[in-house]
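Student: Below you'll find work02.cif; it's mmCIF, C-alpha atoms.
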```cif
data_model
loop_
_atom_site.label_atom_id
_atom_site.label_comp_id
_atom_site.auth_asym_id
_atom_site.auth_seq_id
_atom_site.Cartn_x
_atom_site.Cartn_y
_atom_site.Cartn_z
CA MET I 1 -85.90 11.68 67.87
CA LEU I 2 -86.89 13.37 64.61
CA GLU I 3 -90.24 14.29 66.20
CA ASN I 4 -88.45 16.31 68.88
CA ILE I 5 -86.51 18.23 66.25
CA ILE I 6 -89.65 18.88 64.22
CA SER I 7 -91.54 20.17 67.27
CA GLU I 8 -88.56 22.39 68.15
CA LEU I 9 -88.50 23.77 64.61
CA GLU I 10 -92.27 24.33 64.58
CA LYS I 11 -91.90 26.75 67.47
CA GLN I 12 -89.69 29.01 65.35
CA PHE I 13 -90.70 28.37 61.74
CA GLN I 14 -93.88 27.75 59.91
CA LEU I 15 -93.50 24.29 58.37
CA GLU I 16 -95.68 24.12 55.28
CA ALA I 17 -95.49 20.32 55.11
CA VAL I 18 -93.80 17.47 56.96
CA ASP I 19 -93.32 14.24 54.97
CA HIS I 20 -92.06 11.21 56.86
CA ASN I 21 -90.34 8.88 54.40
CA SER I 22 -88.94 6.49 56.99
CA SER I 23 -87.88 6.47 60.61
CA ASP I 24 -84.58 8.16 59.75
CA LEU I 25 -85.58 10.46 56.88
CA VAL I 26 -88.02 13.34 56.92
CA PHE I 27 -88.71 16.16 54.46
CA LEU I 28 -89.74 19.57 55.75
CA THR I 29 -91.16 22.24 53.47
CA ILE I 30 -90.23 25.75 54.60
CA ASP I 31 -90.81 29.08 52.89
CA ARG I 32 -88.08 30.79 50.90
CA ASP I 33 -87.04 33.45 53.39
CA HIS I 34 -86.69 31.18 56.44
CA ALA I 35 -85.28 27.97 54.93
CA VAL I 36 -81.62 28.91 55.25
CA MET I 37 -82.18 30.03 58.85
CA ALA I 38 -83.72 26.64 59.59
CA ILE I 39 -80.75 24.90 57.95
CA ASP I 40 -78.42 27.04 60.05
CA LEU I 41 -80.25 25.91 63.18
CA LEU I 42 -80.22 22.27 62.10
CA LYS I 43 -76.49 22.45 61.54
CA TRP I 44 -75.40 24.17 64.74
CA LYS I 45 -78.06 23.07 67.23
CA PHE I 46 -79.20 19.64 66.09
CA GLY I 47 -75.94 18.27 64.72
CA TYR I 48 -76.90 18.02 61.04
CA LYS I 49 -73.39 19.03 60.11
CA HIS I 50 -72.96 16.96 56.96
CA PHE I 51 -74.38 18.59 53.84
CA VAL I 52 -75.33 15.84 51.37
CA LEU I 53 -76.72 17.65 48.36
CA LEU I 54 -78.71 20.52 46.97
CA THR I 55 -80.87 19.88 43.95
CA ALA I 56 -83.82 21.38 42.11
CA VAL I 57 -86.96 20.01 40.48
CA ASP I 58 -88.84 21.97 37.85
CA PHE I 59 -92.61 22.02 38.43
CA LEU I 60 -93.46 23.65 35.12
CA GLU I 61 -97.26 23.34 35.46
CA GLU I 62 -97.29 25.01 38.87
CA GLY I 63 -94.72 27.64 37.89
CA LYS I 64 -92.42 26.63 40.76
CA PHE I 65 -88.94 25.25 41.37
CA GLN I 66 -88.53 22.96 44.34
CA LEU I 67 -85.10 23.11 45.93
CA THR I 68 -84.12 20.24 48.23
CA TYR I 69 -81.29 20.50 50.73
CA ILE I 70 -80.46 17.13 52.27
CA LEU I 71 -78.61 17.20 55.58
CA ASN I 72 -77.19 14.30 57.50
CA ASN I 73 -76.47 13.84 61.18
CA PRO I 74 -73.57 11.38 61.38
CA ASP I 75 -74.07 10.78 65.13
CA THR I 76 -77.72 9.77 65.05
CA LYS I 77 -77.56 8.51 61.43
CA THR I 78 -80.66 10.44 60.41
CA ASP I 79 -81.36 12.67 57.40
CA ILE I 80 -83.48 15.75 57.07
CA GLY I 81 -84.46 17.15 53.70
CA VAL I 82 -85.43 20.80 53.59
CA ARG I 83 -87.67 21.62 50.66
CA VAL I 84 -88.21 25.14 49.41
CA ARG I 85 -90.62 26.11 46.67
CA ILE I 86 -89.66 29.25 44.78
CA ASP I 87 -91.21 31.05 41.85
CA ARG I 88 -90.11 29.94 38.43
CA GLU I 89 -90.21 33.45 37.04
CA ASP I 90 -87.33 35.50 38.46
CA ALA I 91 -86.10 32.44 40.35
CA ASN I 92 -83.80 33.36 43.21
CA MET I 93 -82.96 31.93 46.60
CA VAL I 94 -81.02 32.94 49.69
CA SER I 95 -77.46 31.62 49.40
CA ALA I 96 -76.25 29.08 51.99
CA HIS I 97 -72.57 29.06 51.07
CA HIS I 98 -71.59 30.51 54.46
CA LEU I 99 -72.64 27.22 56.12
CA TRP I 100 -70.67 24.83 53.92
CA PRO I 101 -68.25 25.96 51.18
CA THR I 102 -69.45 23.12 48.91
CA VAL I 103 -72.90 24.69 48.70
CA ALA I 104 -71.40 27.34 46.43
CA THR I 105 -70.58 24.65 43.85
CA TYR I 106 -74.13 23.28 43.91
CA GLN I 107 -75.43 26.81 43.54
CA ARG I 108 -73.18 27.42 40.54
CA GLU I 109 -74.56 24.30 38.93
CA LEU I 110 -78.17 25.31 39.62
CA LYS I 111 -77.50 28.78 38.25
CA GLU I 112 -76.17 27.31 35.02
CA MET I 113 -78.57 24.40 34.55
CA PHE I 114 -81.81 25.94 35.89
CA GLY I 115 -81.09 29.66 35.91
CA ILE I 116 -81.78 29.99 39.65
CA ASP I 117 -80.00 33.00 41.11
CA PHE I 118 -78.26 32.91 44.49
CA PRO I 119 -77.16 36.50 45.18
CA GLY I 120 -73.80 36.74 46.95
CA SER I 121 -72.64 33.22 46.19
CA PRO I 122 -68.95 33.11 45.14
CA ARG I 123 -68.05 32.53 41.46
CA LEU I 124 -71.74 32.12 40.66
CA ASN I 125 -71.52 33.32 37.08
CA ASP I 126 -68.32 31.50 36.12
CA PRO I 127 -68.85 28.81 33.49
CA PHE I 128 -69.23 25.43 35.15
CA ILE I 129 -70.09 22.66 32.68
CA LEU I 130 -71.66 24.56 29.79
CA GLU I 131 -69.09 27.03 28.59
CA GLY I 132 -70.67 30.01 26.92
CA TRP I 133 -74.27 28.84 27.04
CA GLU I 134 -76.89 31.26 25.75
CA GLY I 135 -80.65 31.11 26.05
CA THR I 136 -82.87 28.86 28.14
CA PRO I 137 -80.92 26.83 30.70
CA PRO I 138 -81.02 23.19 29.57
CA TYR I 139 -82.51 21.58 32.68
CA ARG I 140 -85.64 23.71 32.55
CA ARG I 141 -88.47 21.58 31.28
CA ASP I 142 -89.55 24.07 28.65
CA PHE I 143 -86.17 23.63 26.95
CA ASP I 144 -86.62 21.28 23.98
CA THR I 145 -83.35 19.35 23.96
CA LYS I 146 -84.17 17.28 20.86
CA ALA I 147 -85.05 20.30 18.73
CA PHE I 148 -81.93 22.09 20.00
CA ALA I 149 -79.68 19.13 19.19
CA ALA I 150 -81.22 18.80 15.74
CA SER I 151 -80.63 22.43 14.84
CA PHE I 152 -77.36 23.16 16.64
CA TYR I 153 -75.18 20.13 15.88
CA HIS I 154 -74.11 18.60 12.58
CA GLN I 155 -76.16 15.43 12.21
CA ARG I 156 -75.27 12.33 10.24
CA GLU I 157 -77.93 11.40 7.69
CA GLY I 158 -79.65 8.05 7.75
CA ARG I 159 -80.38 7.57 11.40
CA THR I 160 -83.62 5.61 11.90
CA THR I 161 -85.61 4.86 15.01
CA ASN I 162 -87.80 1.83 15.69
CA ASP I 163 -90.45 1.25 18.31
CA PRO I 164 -88.79 -1.48 20.41
CA ALA I 165 -91.97 -3.53 20.99
CA THR I 166 -93.08 -3.78 17.36
CA TYR I 167 -89.54 -4.16 16.07
CA MET I 168 -88.72 -7.08 18.37
CA LYS I 169 -92.07 -8.71 17.55
CA GLU I 170 -91.30 -8.56 13.83
CA LYS I 171 -87.81 -9.91 14.39
CA LEU I 172 -88.61 -12.70 16.83
CA TYR I 173 -92.15 -13.75 15.87
CA PRO I 174 -92.62 -12.84 12.20
CA ASN I 175 -95.49 -15.31 11.66
CA GLU I 176 -97.74 -14.19 14.48
CA MET H 177 -58.52 31.10 30.49
CA SER H 178 -60.08 33.82 28.35
CA LEU H 179 -59.11 35.59 25.15
CA GLU H 180 -57.70 38.53 27.17
CA ASP H 181 -55.11 36.17 28.64
CA LEU H 182 -53.57 35.95 25.18
CA ASN H 183 -52.66 39.67 25.14
CA LYS H 184 -49.19 40.90 26.05
CA LYS H 185 -48.71 41.22 29.78
CA GLN H 186 -46.12 42.00 32.43
CA ILE H 187 -45.18 39.05 34.62
CA VAL H 188 -43.35 39.07 37.94
CA SER H 189 -41.21 35.99 38.51
CA PRO H 190 -40.93 34.36 41.96
CA ASP H 191 -37.55 36.13 42.30
CA GLY H 192 -39.15 39.53 41.76
CA GLU H 193 -37.93 39.92 38.20
CA HIS H 194 -40.26 41.81 35.83
CA PHE H 195 -40.55 40.67 32.24
CA GLU H 196 -42.99 40.91 29.37
CA VAL H 197 -44.76 37.86 27.97
CA ASP H 198 -46.49 37.75 24.60
CA PRO H 199 -48.47 34.49 24.80
CA MET H 200 -49.31 34.33 21.10
CA ASN H 201 -45.62 34.21 20.20
CA ASP H 202 -44.06 32.80 23.36
CA TYR H 203 -46.52 30.02 24.18
CA PHE H 204 -48.12 29.30 20.82
CA CYS H 205 -47.17 29.09 17.20
CA GLN H 206 -49.31 31.31 15.00
CA ASP H 207 -48.51 29.52 11.75
CA ARG H 208 -51.21 27.43 10.17
CA PRO H 209 -50.62 23.69 9.83
CA GLU H 210 -49.06 22.70 6.54
CA GLU H 211 -49.37 19.62 4.41
CA VAL H 212 -46.35 17.34 4.69
CA LYS H 213 -45.54 15.86 1.29
CA PRO H 214 -43.74 12.51 1.06
CA VAL H 215 -40.07 12.83 0.14
CA ASN H 216 -39.93 9.75 -1.98
CA LYS H 217 -42.33 6.88 -2.61
CA ILE H 218 -40.05 4.10 -1.46
CA VAL H 219 -38.93 5.97 1.66
CA GLU H 220 -42.54 6.83 2.43
CA ARG H 221 -43.53 3.15 2.21
CA PHE H 222 -40.81 2.30 4.68
CA TYR H 223 -41.91 5.15 6.96
CA ASN H 224 -45.53 4.02 6.77
CA TRP H 225 -44.56 0.48 7.71
CA ALA H 226 -42.67 1.83 10.72
CA ARG H 227 -45.54 4.11 11.70
CA SER H 228 -48.10 1.36 11.47
CA GLU H 229 -46.11 -0.90 13.78
CA SER H 230 -45.78 1.68 16.54
CA LEU H 231 -49.15 3.17 17.34
CA TRP H 232 -48.73 5.21 20.48
CA ILE H 233 -52.04 6.15 22.00
CA LEU H 234 -52.69 9.24 24.05
CA GLY H 235 -54.16 8.14 27.37
CA PHE H 236 -57.10 10.52 27.27
CA GLY H 237 -60.59 9.18 27.88
CA THR H 238 -63.38 11.49 26.78
CA GLY H 239 -66.33 9.27 27.65
CA CYS H 240 -67.36 5.89 28.96
CA GLY H 241 -65.49 4.10 26.14
CA ALA H 242 -62.20 4.77 27.89
CA ILE H 243 -63.06 1.89 30.21
CA GLU H 244 -62.39 -0.51 27.32
CA MET H 245 -58.77 0.56 27.18
CA ARG H 246 -57.90 -0.82 30.61
CA PRO H 247 -58.41 -4.48 29.68
CA LEU H 248 -56.55 -3.75 26.45
CA MET H 249 -53.46 -2.65 28.36
CA THR H 250 -53.49 -5.53 30.80
CA PRO H 251 -52.52 -9.17 30.11
CA ARG H 252 -55.98 -10.40 29.08
CA PHE H 253 -55.89 -8.61 25.72
CA ASP H 254 -52.39 -7.14 25.89
CA ALA H 255 -52.34 -4.69 23.01
CA TYR H 256 -48.63 -4.07 23.59
CA ARG H 257 -47.82 -7.19 21.56
CA PHE H 258 -49.12 -5.32 18.47
CA GLY H 259 -46.83 -2.37 19.04
CA VAL H 260 -49.63 -0.36 20.61
CA GLN H 261 -48.89 1.49 23.81
CA TRP H 262 -50.28 4.33 25.87
CA ARG H 263 -48.43 7.57 26.41
CA PRO H 264 -49.09 10.32 28.95
CA THR H 265 -48.69 13.44 26.79
CA PRO H 266 -49.85 14.49 23.32
CA ARG H 267 -46.29 15.19 22.17
CA GLN H 268 -45.38 11.52 22.60
CA ALA H 269 -48.49 10.06 20.99
CA ASN H 270 -49.56 9.59 17.39
CA LEU H 271 -53.01 8.04 17.84
CA LEU H 272 -55.88 9.86 19.49
CA ILE H 273 -58.78 7.62 20.47
CA VAL H 274 -61.95 9.63 21.04
CA SER H 275 -63.57 7.16 23.35
CA GLY H 276 -67.31 7.62 23.36
CA TYR H 277 -69.49 10.68 23.70
CA LEU H 278 -67.82 14.03 23.35
CA SER H 279 -69.32 17.05 25.04
CA THR H 280 -68.61 20.47 23.60
CA LYS H 281 -66.53 21.29 26.68
CA THR H 282 -64.36 18.23 26.10
CA LEU H 283 -64.27 18.88 22.34
CA LYS H 284 -62.36 22.08 23.05
CA ARG H 285 -59.73 20.11 24.99
CA VAL H 286 -59.64 17.37 22.36
CA ILE H 287 -58.94 19.92 19.62
CA ARG H 288 -56.10 21.37 21.65
CA VAL H 289 -54.69 17.94 22.28
CA TYR H 290 -54.98 16.89 18.63
CA GLU H 291 -53.25 20.03 17.43
CA GLN H 292 -50.43 19.52 19.93
CA MET H 293 -49.73 16.02 18.62
CA GLN H 294 -46.93 15.79 16.09
CA ASN H 295 -47.24 14.58 12.54
CA PRO H 296 -48.03 11.90 11.52
CA LYS H 297 -51.13 11.53 13.68
CA PHE H 298 -54.26 9.45 13.47
CA VAL H 299 -57.71 9.62 15.03
CA MET H 300 -59.91 6.67 15.94
CA GLY H 301 -63.57 7.22 16.79
CA LEU H 302 -64.67 4.66 19.35
CA GLY H 303 -68.33 3.83 19.85
CA SER H 304 -71.59 4.88 18.24
CA CYS H 305 -71.51 8.29 19.90
CA THR H 306 -68.69 9.48 17.67
CA ILE H 307 -70.44 8.15 14.55
CA ASN H 308 -73.95 9.56 14.83
CA GLY H 309 -74.47 10.56 18.43
CA GLY H 310 -75.46 7.09 19.61
CA MET H 311 -77.76 7.15 22.59
CA TYR H 312 -76.96 10.85 23.03
CA PHE H 313 -78.55 11.76 19.69
CA ASP H 314 -80.85 14.27 21.40
CA SER H 315 -78.40 15.60 23.97
CA TYR H 316 -77.96 19.36 24.17
CA ASN H 317 -74.30 19.02 25.00
CA THR H 318 -72.63 16.30 22.91
CA ILE H 319 -71.51 16.47 19.30
CA LYS H 320 -73.19 14.06 16.90
CA ARG H 321 -70.47 13.30 14.38
CA LEU H 322 -66.80 13.55 15.01
CA ASP H 323 -65.58 13.84 11.42
CA TYR H 324 -66.87 17.41 11.17
CA TYR H 325 -64.40 18.52 13.82
CA LEU H 326 -61.39 16.22 13.44
CA PRO H 327 -60.23 14.00 10.54
CA VAL H 328 -61.17 10.46 11.59
CA ASP H 329 -59.26 7.52 10.10
CA VAL H 330 -61.14 4.59 11.62
CA TYR H 331 -64.45 4.22 13.38
CA VAL H 332 -65.09 1.31 15.74
CA ALA H 333 -68.83 0.83 16.00
CA GLY H 334 -70.60 -0.49 19.06
CA CYS H 335 -71.96 0.66 22.35
CA MET H 336 -69.58 -0.23 23.87
CA PRO H 337 -67.29 -2.10 21.44
CA ARG H 338 -65.46 -4.96 23.07
CA PRO H 339 -61.64 -4.84 23.33
CA GLU H 340 -61.51 -7.36 20.45
CA ALA H 341 -63.27 -4.80 18.26
CA LEU H 342 -60.65 -2.25 19.19
CA LEU H 343 -57.88 -4.69 18.28
CA ALA H 344 -59.59 -5.20 14.92
CA GLY H 345 -59.71 -1.42 14.60
CA PHE H 346 -55.95 -1.21 15.19
CA GLU H 347 -55.40 -3.84 12.50
CA GLU H 348 -57.60 -1.87 10.10
CA LEU H 349 -55.70 1.31 10.89
CA LYS H 350 -52.40 -0.48 10.27
CA LYS H 351 -53.62 -1.55 6.84
CA LEU H 352 -54.68 2.02 6.05
CA ILE H 353 -51.35 3.44 7.15
CA LYS H 354 -49.40 0.86 5.16
CA ALA H 355 -51.50 1.69 2.10
CA GLY H 356 -50.76 5.40 2.63
CA LYS H 357 -54.44 6.23 3.13
CA ALA H 358 -54.30 7.48 6.72
CA GLU H 359 -53.50 11.08 5.83
CA GLY H 360 -55.70 12.72 8.44
CA ALA H 361 -53.13 15.29 9.50
CA ASN H 362 -52.68 16.49 5.91
CA GLU H 363 -56.43 16.58 5.42
CA TYR H 364 -56.72 18.71 8.55
CA ALA H 365 -54.09 21.09 7.19
CA ASN H 366 -55.73 21.32 3.77
CA LYS H 367 -59.28 21.78 5.04
CA PHE H 368 -58.20 23.82 8.06
CA ASP H 369 -60.72 26.63 7.51
CA TRP H 370 -63.61 24.18 7.15
CA TYR H 371 -62.71 22.36 10.35
CA LYS H 372 -62.26 25.62 12.25
CA LYS H 373 -65.63 26.88 11.01
CA ASN H 374 -67.36 23.72 12.25
CA GLN H 375 -65.52 23.78 15.56
CA LYS H 376 -66.39 27.40 16.22
CA GLU H 377 -70.04 26.78 15.41
CA VAL H 378 -70.44 24.49 18.41
CA ILE H 379 -67.82 25.91 20.80
CA ARG H 380 -69.40 29.19 21.74
CA ASP H 381 -66.74 30.61 24.02
CA TRP H 382 -63.69 30.16 21.85
CA ASP H 383 -60.87 31.31 24.14
CA MET H 384 -57.74 29.86 22.57
CA PRO H 385 -55.60 30.54 19.51
CA ASP H 386 -56.82 29.11 16.21
CA TYR H 387 -53.96 26.65 16.11
CA ASN H 388 -52.51 25.31 19.35
CA TRP H 389 -49.13 24.05 18.47
#
```
Output the structure of this file as structure tokens.

Tutor:
Amino acid sequence: MLENIISELEKQFQLEAVDHNSSDLVFLTIDRDHAVMAIDLLKWKFGYKHFVLLTAVDFLEEGKFQLTYILNNPDTKTDIGVRVRIDREDANMVSAHHLWPTVATYQRELKEMFGIDFPGSPRLNDPFILEGWEGTPPYRRDFDTKAFAASFYHQREGRTTNDPATYMKEKLYPNE
Amino acid sequence: MSLEDLNKKQIVSPDGEHFEVDPMNDYFCQDRPEEVKPVNKIVERFYNWARSESLWILGFGTGCGAIEMRPLMTPRFDAYRFGVQWRPTPRQANLLIVSGYLSTKTLKRVIRVYEQMQNPKFVMGLGSCTINGGMYFDSYNTIKRLDYYLPVDVYVAGCMPRPEALLAGFEELKKLIKAGKAEGANEYANKFDWYKKNQKEVIRDWDMPDYNW
């Protein structure tokens, strides 16, 4: 069933990779400009009308963000994940809010947490979780959250940290 | 809401009536909080006894610690037998329990809620997160110590503290109130500038009046 859909899609789009996770879940990697068109087709032609989630992974070493759109077909009970790899510098992606209104919320979150731009998406620059955030978005891997927390917030003195393995060994088996 | 919303503006009512609203005077009180001095020692002792026996908690859960308040309300631990009960609005409550981690976004709401509560009012910090950040010590978005932003009377340590620990915390708070040591609201009024400075350091888009009464 999924094979038929993949062969149909291959006629129209260049699939960079096809990863079969199980019989009812497959991940397709499509380039930035055609991914939303493929999602459009999956929704209207192949019945993947339930949008599950949109998320991003930061591949710092490769200088890429990987966006994953997961779509579900409630009739056949199968999932298709559409992966898109976009440049980390000047990260932007075609908006898909016209397909499902909820996508706009995911895109707002990605804009705030990763700094990925989705031109044309509604209320994209409104504060979502971080109100008034400045500087590197916190989910980017080059953001040092510990150093930020240490300098930005008032800390209580006297906090100590132990290595769990050695600490438990000293506590439980002091003679060994 | 933004700071521009606090400027004077023309409003059209549902009936088509035009009128001017000045939010800073119509919706908020611009006066700073003031210290409330006891009238008389004996009367104050009586008041403190009464206050300690009717702790009314604002039902506002900021973090995961709020889950501990459900068994407290229900028959298993039944905090109502100690004169503790939960209220739906800040105006009816005198005890604010900051239950667990507090993100800067929630801190803004907590400050508003605390300032809307009427004197006398008490704050209890629940869980390690309010004491030194707990397991969120390196989080970019949660405050690490509550007493820089609000005057805390009692901390209940633990992650999470059991309902029994909370009951012990209520007993401790009762002792403090009866001894006249739970003067958090007066401390907040006296050190108002210091608290506001700390609050504004972490809340970067300050879009409300300095005192939300």

Student: How close does each residue of chain H get to chain I, giving the shortest atom pair and distance in Å to one decimal for every residue with an atom at most 7 Å away, counting all atoms listed in the file, sorted by chain and residue number, as CSV?

Tutor:
```
residue,atom,partner,partner_atom,distance
H:Lys281,CA,I:Glu131,CA,6.6
H:Asn308,CA,I:Arg156,CA,5.5
H:Asp314,CA,I:Lys146,CA,4.5
H:Ser315,CA,I:Ala149,CA,6.1
H:Tyr316,CA,I:Ala149,CA,5.3
H:Ile319,CA,I:Tyr153,CA,6.2
H:Lys320,CA,I:Gln155,CA,5.7
H:Arg321,CA,I:Arg156,CA,6.4
H:Val378,CA,I:Tyr153,CA,6.9
H:Arg380,CA,I:Gly132,CA,5.4
H:Asp381,CA,I:Gly132,CA,4.9
```

Student: Tell me, in Å to one decimal, how far CA of Ala358 (chain H) is from CA of Lys372 (chain H).

Tutor: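 One can read the CA of Ala358 (chain H) to CA of Lys372 (chain H) distance as 20.6 Å.
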
Student: List as a ChimeraX atom specification: which residues have an atom within 12 Å of (-66.2, 28.7, 17.9), counting all atoms listed in the file?

Tutor: /I:131-132 /H:280-281,283-284,287,325,369-386

Student: Have a look at CA of His97 (chain I) and CA of Ser121 (chain I) and let me know their distance in Å, one decimal.

Tutor: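 Pair CA of His97 (chain I) / CA of Ser121 (chain I) returns 6.4 Å.
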
Student: Any idea what the distance is between CA of Val299 (chain H) and CA of Ser151 (chain I)?

Tutor: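 If I compute the distance from CA of Val299 (chain H) to CA of Ser151 (chain I), I get 26.3 Å.
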
Student: Which residues fall under the PyMOL selection byres ((chain H and resi 203-216) around 8) in this file, as a list in words?

Tutor: Asp198, Pro199, Met200, Asn201, Asp202, Lys217, Ile218, Val219, Glu220, Ala361, Asn362, Glu363, Tyr364, Ala365, Asn366, Phe368, Pro385, Asp386, Tyr387, Asn388 and Trp389 of chain H

Student: Do you know which residues the PyMOL selection byres ((chain I and resi 2-14) around 12) returns on this file, as a VMD selection string?

Tutor: chain I and resid 1 15 to 43 45 to 48 73 76 to 82

Student: Name the residues in contact with region 331-343 of chain H at a cut-off of 6 Å, using all atoms listed in the file, excluding same-chain residues fewer than 5 positions from it; report them as a VMD selection string.

Tutor: chain H and resid 244 300 to 304

Student: Any chance you could work out the residue set of the PyMOL selection byres ((chain I and resi 49-60) around 8) here, as a PDB file with C-alpha atoms, in the coordinates of the input?

Tutor:
```
ATOM      1  CA  LEU I  42     -80.220  22.270  62.100  1.00  0.00           C
ATOM      2  CA  LYS I  43     -76.490  22.450  61.540  1.00  0.00           C
ATOM      3  CA  TRP I  44     -75.400  24.170  64.740  1.00  0.00           C
ATOM      4  CA  GLY I  47     -75.940  18.270  64.720  1.00  0.00           C
ATOM      5  CA  TYR I  48     -76.900  18.020  61.040  1.00  0.00           C
ATOM      6  CA  GLU I  61     -97.260  23.340  35.460  1.00  0.00           C
ATOM      7  CA  GLU I  62     -97.290  25.010  38.870  1.00  0.00           C
ATOM      8  CA  GLY I  63     -94.720  27.640  37.890  1.00  0.00           C
ATOM      9  CA  LYS I  64     -92.420  26.630  40.760  1.00  0.00           C
ATOM     10  CA  PHE I  65     -88.940  25.250  41.370  1.00  0.00           C
ATOM     11  CA  GLN I  66     -88.530  22.960  44.340  1.00  0.00           C
ATOM     12  CA  LEU I  67     -85.100  23.110  45.930  1.00  0.00           C
ATOM     13  CA  THR I  68     -84.120  20.240  48.230  1.00  0.00           C
ATOM     14  CA  TYR I  69     -81.290  20.500  50.730  1.00  0.00           C
ATOM     15  CA  ILE I  70     -80.460  17.130  52.270  1.00  0.00           C
ATOM     16  CA  LEU I  71     -78.610  17.200  55.580  1.00  0.00           C
ATOM     17  CA  ASN I  72     -77.190  14.300  57.500  1.00  0.00           C
ATOM     18  CA  ASN I  73     -76.470  13.840  61.180  1.00  0.00           C
ATOM     19  CA  PRO I  74     -73.570  11.380  61.380  1.00  0.00           C
ATOM     20  CA  ARG I  88     -90.110  29.940  38.430  1.00  0.00           C
ATOM     21  CA  TRP I 100     -70.670  24.830  53.920  1.00  0.00           C
ATOM     22  CA  VAL I 103     -72.900  24.690  48.700  1.00  0.00           C
ATOM     23  CA  TYR I 106     -74.130  23.280  43.910  1.00  0.00           C
ATOM     24  CA  GLN I 107     -75.430  26.810  43.540  1.00  0.00           C
ATOM     25  CA  LEU I 110     -78.170  25.310  39.620  1.00  0.00           C
ATOM     26  CA  PHE I 114     -81.810  25.940  35.890  1.00  0.00           C
ATOM     27  CA  ARG I 140     -85.640  23.710  32.550  1.00  0.00           C
ATOM     28  CA  ARG I 141     -88.470  21.580  31.280  1.00  0.00           C
ATOM     29  CA  ASP I 142     -89.550  24.070  28.650  1.00  0.00           C
TER      30      ASP I 142
END
```
